[in-house]
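Take a look at the structure below.
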Amino acid sequence: MRKVRILWTDDEIDLLKPHILFLEEKGFELSTASNGDDAIEMVRKQDFDLVFLDENMPGLSGLQTLTYIKELKPDVPVIMITKSEEEDIMDEAIGSKIADYLIKPVNPKQILLSIKKNIDTKRLVSEKTLSDYQSEFGKIGIKISEARSFNDWVDLYKKLVYWELELEQNQDTGMHEVFHMQKSDANKGFARFIKSNYESWFSDSDSKPLLSPNLFKERIFPLLDQGEKVFVLVIDNFRYDQWKLVQPLIAEYFTVESEELYSSILPTATQYARNAIFAGLMPYDIDKLYPQLWLNDDDEGGKNMNEEELLKTQLTRNSKKYKLFYEKVSQLKTGEKLVENIQDLLNNQLNVLVYNYIDMLSHARTEIEMIRELANDEPAYRSLTLSWFKHSPLFSLIKELQQENIKLIITTDHGTVRVQNPVKVVGDRNTSTNLRYKCGRNLNYNPKEVYEVRDPQKVHLPKSNISTSYIFAYNDDFLAYPNNYNYYVNYYKNTFQHGGISMEEMIIPFIKLKPNF
């Protein structure tokens with residue numbers, strides 16, 4: 001293993017000999033310069049892992065030298081050392097992207113700590129992360145076996161997402177495999193839980209979690225009744241891990257008042273879950289009460305074209321007369337126009353904005369080879385989401401809203417899961433085409449491989465004829481037809497899908513935020 005190479009630049013370098021000997025004894029390789037010009041030339045000709053730089057030197061000052069070093073080697077950490085504690089010098093140094101700032105006189109332990117912070121941090125954090133996860137592994141396994149309620153699964157899923165994001169920074173592929181095996185075990189346990197309990201949620205109000213149809217009535221209407229202006233941002237396909245990734249960006253502008261995970265209904269598909277959110281009703285009840293606003297899987301036409309009308313019916317049924325604005329954002333220009341017209345939006349009590357980008361990304365990843373390569377695994381998929389969010393009109397809108405006295409809700413209709421394992425299903429030509437659920441009359445499948453609902457009314461789902469049934473895929477399975485099976489499997493394997501049963505699809509965020517004034 002090669003030694004860490006350090007350049008120390010100070011016009012009194014001879015007085016620092018004890019520090020240099022101390023670091024050499026610790027295994028570091030030291031080079032020295034007594035002025036800025038020499039330091040710049042050495043950085044030009046050699047590779048250093050770290051530079052110590054005195055701020056107050058004759059000739060080129062430390063800040064001037066720093067500018068040249070950053071132009072030559074922008075990624076090399078530079079630690080500024082100075083006698084001055086003047087705030088403007090500190091501000092300028094920090095603005096020039098120094099790695100650390102030390103005040104003279106410095107002692108050897110300070111120097112060593114700064115080196116470790118800037119050179120060894122990644123390794124030390126990686127080792128600590130691995131050690132901590134290893135100690136948590138057994139505890140998580142016990143939680144999986146003991147989870148009995150939806151809240152138990154929420155707590156477990158939060159913990160798994162935390163470790164997934166922590167381990168993502170680590171290069172230990174063996175530990176990644178261990179984690180993914182544990183996450184798979186958790187999803188299998190969650191599937192068993194849903195199979196045993198989902199139907200009872202519609203007859204036992206004490207055991208059921210917060211579900212899609214109850215979001216507005218139980219979480220949003222009370223805010224409006226208190227006189228709050230509310231912006232509801234529904235980001236299609238927005239998983240909890242994606243929320244945790246964008247949360248630090250939002251934290252500069254908004255404070256999280258509450259972070260809640262609720263359950264999407266089945267199927268975890270836009271047609272069902274999002275219509276249920278806006279209608280405040282389960283799909284069966286929408287079909288019965290407002291048949292003109294509901295389309296079954298085998299009906300022609302867009303299945304989410306009536307969201308605004310469904311929301312208005314919910315307001316009417318609950319005797320709510322809020323001034324409402326609704327918009328579905330699927331194009332950049334639409335999002336930019338909302339930002340431009342923000343003052344008009346503030347005249348409304350309730351603004352509901354639906355953003356379809358992540359859903360479009362998951363579909364594009366399936367259909368376009370280049371997108372599939374850009375988002376070839378979970379970390380890459382999250383990274384694309386983060387990149388989109390940073391540069392999106394949605395983030396611009398959030399920044400603008402910080403100045404206003406509003407409540408901001410960020411939520412979704414369902415999540416998505418990366419599918420790997422094909423499960424054979426046979427159905428007639430009217431069978432729905434979704435890969436994670438099927439509904440139809442003549443479904444042929446292995447009942448051990450899916451969650452079957454022979455009587456859809458028990459889980460408040462509509463049926464187009466008397467013999468319609470539903471089946472839902474578990475974990476990372478996807479439902480494949482025997483015809484042209486190999487092509488079908490190869491095309492859809494390792495794509496992100498939704499509609500079935502997994503923690504990623506069903507346990508989804510509902511975030512309430514207030515602006516940082």
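Labels used: A, B, ... for chains in the order of the structure tokens, numbers from 1 for residues in each chain, and numbers from 1 for ligands as shown.
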
Which of region 90-193 of chain A DSSP labels alpha helix (DSSP H), written as an MDAnalysis selection string: chainID A and resid 90:95 108:115 121:146 150:167 173:193

Let's have the selection written as a compact mmCIF listing (two decimals), in the first residue's frame, with C-alpha atoms.
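Final file, again-v8.txt:
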# COMPACT_ATOMS: atom_id res chain seq x y z
CA MET A 90 -11.82 32.60 6.71
CA ASP A 91 -14.82 33.33 4.48
CA GLU A 92 -12.63 33.77 1.40
CA ALA A 93 -10.69 30.59 2.12
CA ILE A 94 -13.83 28.55 2.71
CA GLY A 95 -15.38 30.05 -0.43
CA PRO A 108 0.72 17.42 15.96
CA LYS A 109 -2.63 15.89 17.02
CA GLN A 110 -4.55 18.66 15.24
CA ILE A 111 -2.56 18.02 12.08
CA LEU A 112 -3.07 14.26 12.31
CA LEU A 113 -6.82 14.67 12.88
CA SER A 114 -7.10 16.96 9.85
CA ILE A 115 -5.24 14.43 7.68
CA THR A 121 -12.54 9.62 6.24
CA LYS A 122 -13.92 7.51 3.40
CA ARG A 123 -12.06 4.39 4.58
CA LEU A 124 -12.89 4.93 8.26
CA VAL A 125 -16.56 5.63 7.53
CA SER A 126 -16.71 2.58 5.27
CA GLU A 127 -15.22 0.32 7.95
CA LYS A 128 -17.53 1.76 10.61
CA THR A 129 -20.58 1.34 8.37
CA LEU A 130 -19.74 -2.30 7.70
CA SER A 131 -19.12 -2.97 11.37
CA ASP A 132 -22.38 -1.28 12.41
CA TYR A 133 -24.45 -3.15 9.83
CA GLN A 134 -22.90 -6.46 10.83
CA SER A 135 -23.95 -5.82 14.43
CA GLU A 136 -27.45 -4.80 13.25
CA PHE A 137 -27.88 -7.77 10.91
CA GLY A 138 -29.10 -10.13 13.61
CA LYS A 139 -31.44 -7.55 15.14
CA ILE A 140 -33.04 -6.87 11.75
CA GLY A 141 -33.50 -10.62 11.23
CA ILE A 142 -35.39 -10.83 14.53
CA LYS A 143 -37.56 -7.84 13.55
CA ILE A 144 -38.47 -9.58 10.28
CA SER A 145 -39.62 -12.71 12.12
CA GLU A 146 -41.50 -10.77 14.80
CA PHE A 150 -48.18 -2.55 9.53
CA ASN A 151 -46.33 -0.18 11.87
CA ASP A 152 -43.81 -2.95 12.59
CA TRP A 153 -43.16 -3.22 8.85
CA VAL A 154 -42.88 0.56 8.54
CA ASP A 155 -40.19 0.65 11.24
CA LEU A 156 -38.38 -2.25 9.60
CA TYR A 157 -38.55 -0.73 6.13
CA LYS A 158 -37.18 2.59 7.41
CA LYS A 159 -34.25 0.74 8.93
CA LEU A 160 -33.59 -1.19 5.72
CA VAL A 161 -33.68 1.98 3.62
CA TYR A 162 -31.25 3.63 6.03
CA TRP A 163 -28.77 0.76 5.68
CA GLU A 164 -29.26 0.53 1.93
CA LEU A 165 -28.28 4.18 1.51
CA GLU A 166 -25.37 3.85 3.96
CA LEU A 167 -23.97 0.69 2.35
CA THR A 173 -19.80 -6.23 -2.86
CA GLY A 174 -20.01 -9.16 -0.47
CA MET A 175 -21.79 -7.03 2.11
CA HIS A 176 -24.10 -5.67 -0.61
CA GLU A 177 -25.13 -9.25 -1.40
CA VAL A 178 -25.77 -9.96 2.28
CA PHE A 179 -27.95 -6.87 2.56
CA HIS A 180 -29.97 -7.68 -0.57
CA MET A 181 -30.58 -11.20 0.73
CA GLN A 182 -31.87 -9.73 4.00
CA LYS A 183 -34.05 -7.23 2.16
CA SER A 184 -35.45 -10.07 0.04
CA ASP A 185 -36.25 -12.02 3.23
CA ALA A 186 -38.03 -8.94 4.57
CA ASN A 187 -40.11 -8.62 1.41
CA LYS A 188 -41.10 -12.28 1.64
CA GLY A 189 -42.22 -11.72 5.22
CA PHE A 190 -44.09 -8.58 4.19
CA ALA A 191 -45.86 -10.51 1.41
CA ARG A 192 -47.02 -13.12 3.94
CA PHE A 193 -48.25 -10.32 6.19

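Remark: for Gly227 (chain A), the closest of the candidate residues A:Gln242, A:Ser362, A:Ile406, A:Leu210 is A:Ile406 (distances computed over only C-alpha atoms).
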
Report as a Markdown table the residues of region 328-359 of chain A within 10 Å of region 411-421 of chain A, each with its shortest atom pair and distance in Å (one decimal), using only C-alpha atoms, ordered by chain and increasing residue number.
| residue | atom | partner | partner_atom | distance |
| --- | --- | --- | --- | --- |
| A:Val354 | CA | A:Thr412 | CA | 8.9 |
| A:Tyr355 | CA | A:Thr412 | CA | 9.3 |
| A:Ile358 | CA | A:Thr416 | CA | 9.8 |
| A:Asp359 | CA | A:Thr416 | CA | 8.9 |

Could the residues in this selection be written to a file with N, CA and C atoms, as a PDB file, in the first residue's frame?
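Written output follows (again.pdb):
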ATOM      1  N   VAL A 354     -49.638  17.154  -9.741  1.00  0.00           N
ATOM      2  CA  VAL A 354     -49.201  15.775  -9.964  1.00  0.00           C
ATOM      3  C   VAL A 354     -48.007  15.798 -10.911  1.00  0.00           C
ATOM      4  N   TYR A 355     -46.904  15.196 -10.488  1.00  0.00           N
ATOM      5  CA  TYR A 355     -45.678  15.143 -11.296  1.00  0.00           C
ATOM      6  C   TYR A 355     -45.418  13.710 -11.733  1.00  0.00           C
ATOM      7  N   ILE A 358     -41.020  10.503 -12.594  1.00  0.00           N
ATOM      8  CA  ILE A 358     -40.397   9.240 -12.167  1.00  0.00           C
ATOM      9  C   ILE A 358     -41.115   8.056 -12.800  1.00  0.00           C
ATOM     10  N   ASP A 359     -42.418   8.158 -12.938  1.00  0.00           N
ATOM     11  CA  ASP A 359     -43.166   7.106 -13.625  1.00  0.00           C
ATOM     12  C   ASP A 359     -42.722   7.000 -15.080  1.00  0.00           C
TER      13      ASP A 359
END

Give me, as a ChimeraX atom specification, the residues of region 15-252 of chain A that a backbone DSSP run labels strand (DSSP E). /A:29-33,50-54,78-82,100-103,230-235

Who sits within 12 Å of Lys328 (chain A), only C-alpha atoms, same chain under 6 positions skipped, as a list in words: Val232, Leu233, Val234, Ile235, Asp236, Asn304, Met305, Asn306, Glu307, Glu308, Thr334, Gly335, Leu338, Asn351, Val352, Leu353, Val354, Tyr355, Asn356, Tyr357 and Leu394 of chain A

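Shell of Gly36 (chain A) at 8 Å, with only C-alpha atoms counted and residues fewer than 6 places along the chain excluded, is Thr9, Met57, Gly59, Leu60, Ser61, Gly62 and Thr65 of chain A.
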
Using only N, CA and C atoms, please write the residues we just selected to a file, as a PDB file, in the first residue's frame.
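Generated file (again_24.pdb):
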ATOM      1  N   THR A   9       3.491  23.752   2.708  1.00  0.00           N
ATOM      2  CA  THR A   9       4.038  25.025   2.230  1.00  0.00           C
ATOM      3  C   THR A   9       3.931  26.075   3.332  1.00  0.00           C
ATOM      4  N   MET A  57       2.181  34.461   3.594  1.00  0.00           N
ATOM      5  CA  MET A  57       3.544  34.258   3.097  1.00  0.00           C
ATOM      6  C   MET A  57       3.957  35.447   2.244  1.00  0.00           C
ATOM      7  N   GLY A  59       5.488  37.303  -1.070  1.00  0.00           N
ATOM      8  CA  GLY A  59       5.256  36.928  -2.460  1.00  0.00           C
ATOM      9  C   GLY A  59       3.797  36.565  -2.644  1.00  0.00           C
ATOM     10  N   LEU A  60       3.555  35.417  -3.258  1.00  0.00           N
ATOM     11  CA  LEU A  60       2.171  34.947  -3.399  1.00  0.00           C
ATOM     12  C   LEU A  60       1.596  34.601  -2.033  1.00  0.00           C
ATOM     13  N   SER A  61       0.438  35.147  -1.721  1.00  0.00           N
ATOM     14  CA  SER A  61      -0.207  34.794  -0.449  1.00  0.00           C
ATOM     15  C   SER A  61      -0.762  33.380  -0.535  1.00  0.00           C
ATOM     16  N   GLY A  62      -1.186  32.885   0.622  1.00  0.00           N
ATOM     17  CA  GLY A  62      -1.782  31.552   0.645  1.00  0.00           C
ATOM     18  C   GLY A  62      -3.031  31.463  -0.214  1.00  0.00           C
ATOM     19  N   THR A  65      -2.040  31.422  -3.865  1.00  0.00           N
ATOM     20  CA  THR A  65      -1.471  30.098  -4.173  1.00  0.00           C
ATOM     21  C   THR A  65      -2.572  29.051  -4.278  1.00  0.00           C
TER      22      THR A  65
END

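Here CA of Ile6 (chain A) and CA of Glu25 (chain A) stand 13.5 Å from one another.
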
Which is closer to Ser387 (chain A) than all the others in A:Leu315, A:Leu245, A:Ile194, A:Asn296, using only C-alpha atoms? A:Leu245

Kindly indicate which residue among A:Gln343, A:Ser383, A:Asn442, A:Gln64 lies nearest to Ile466 (chain A), using only C-alpha atoms for the distances. A:Asn442

Rounded to one decimal in Å, what is the spacing between CA of Gln349 (chain A) and CA of Gln331 (chain A)? 24.6 Å

Can you pull out the residues contacting region 217-224 of chain A? Cut-off 12 Å, using only C-alpha atoms, and skip same-chain residues under 3 positions away; I want them as a ChimeraX atom specification. /A:209-214,227-233,258,260,262,276-281,311,314-315,317-324,348-352,406-411,510-513

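For Ile13 (chain A), the non-local neighbours within 7 Å, defined as residues at least 3 positions apart in the same chain or in other chains and counting only C-alpha atoms, are Asp10, Leu16 and Ser34 of chain A.
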
Work out how far CA of Gly500 (chain A) is from CA of Val329 (chain A), in Å to one decimal.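 Between CA of Val329 (chain A) and CA of Gly500 (chain A) the gap works out to 25.3 Å.
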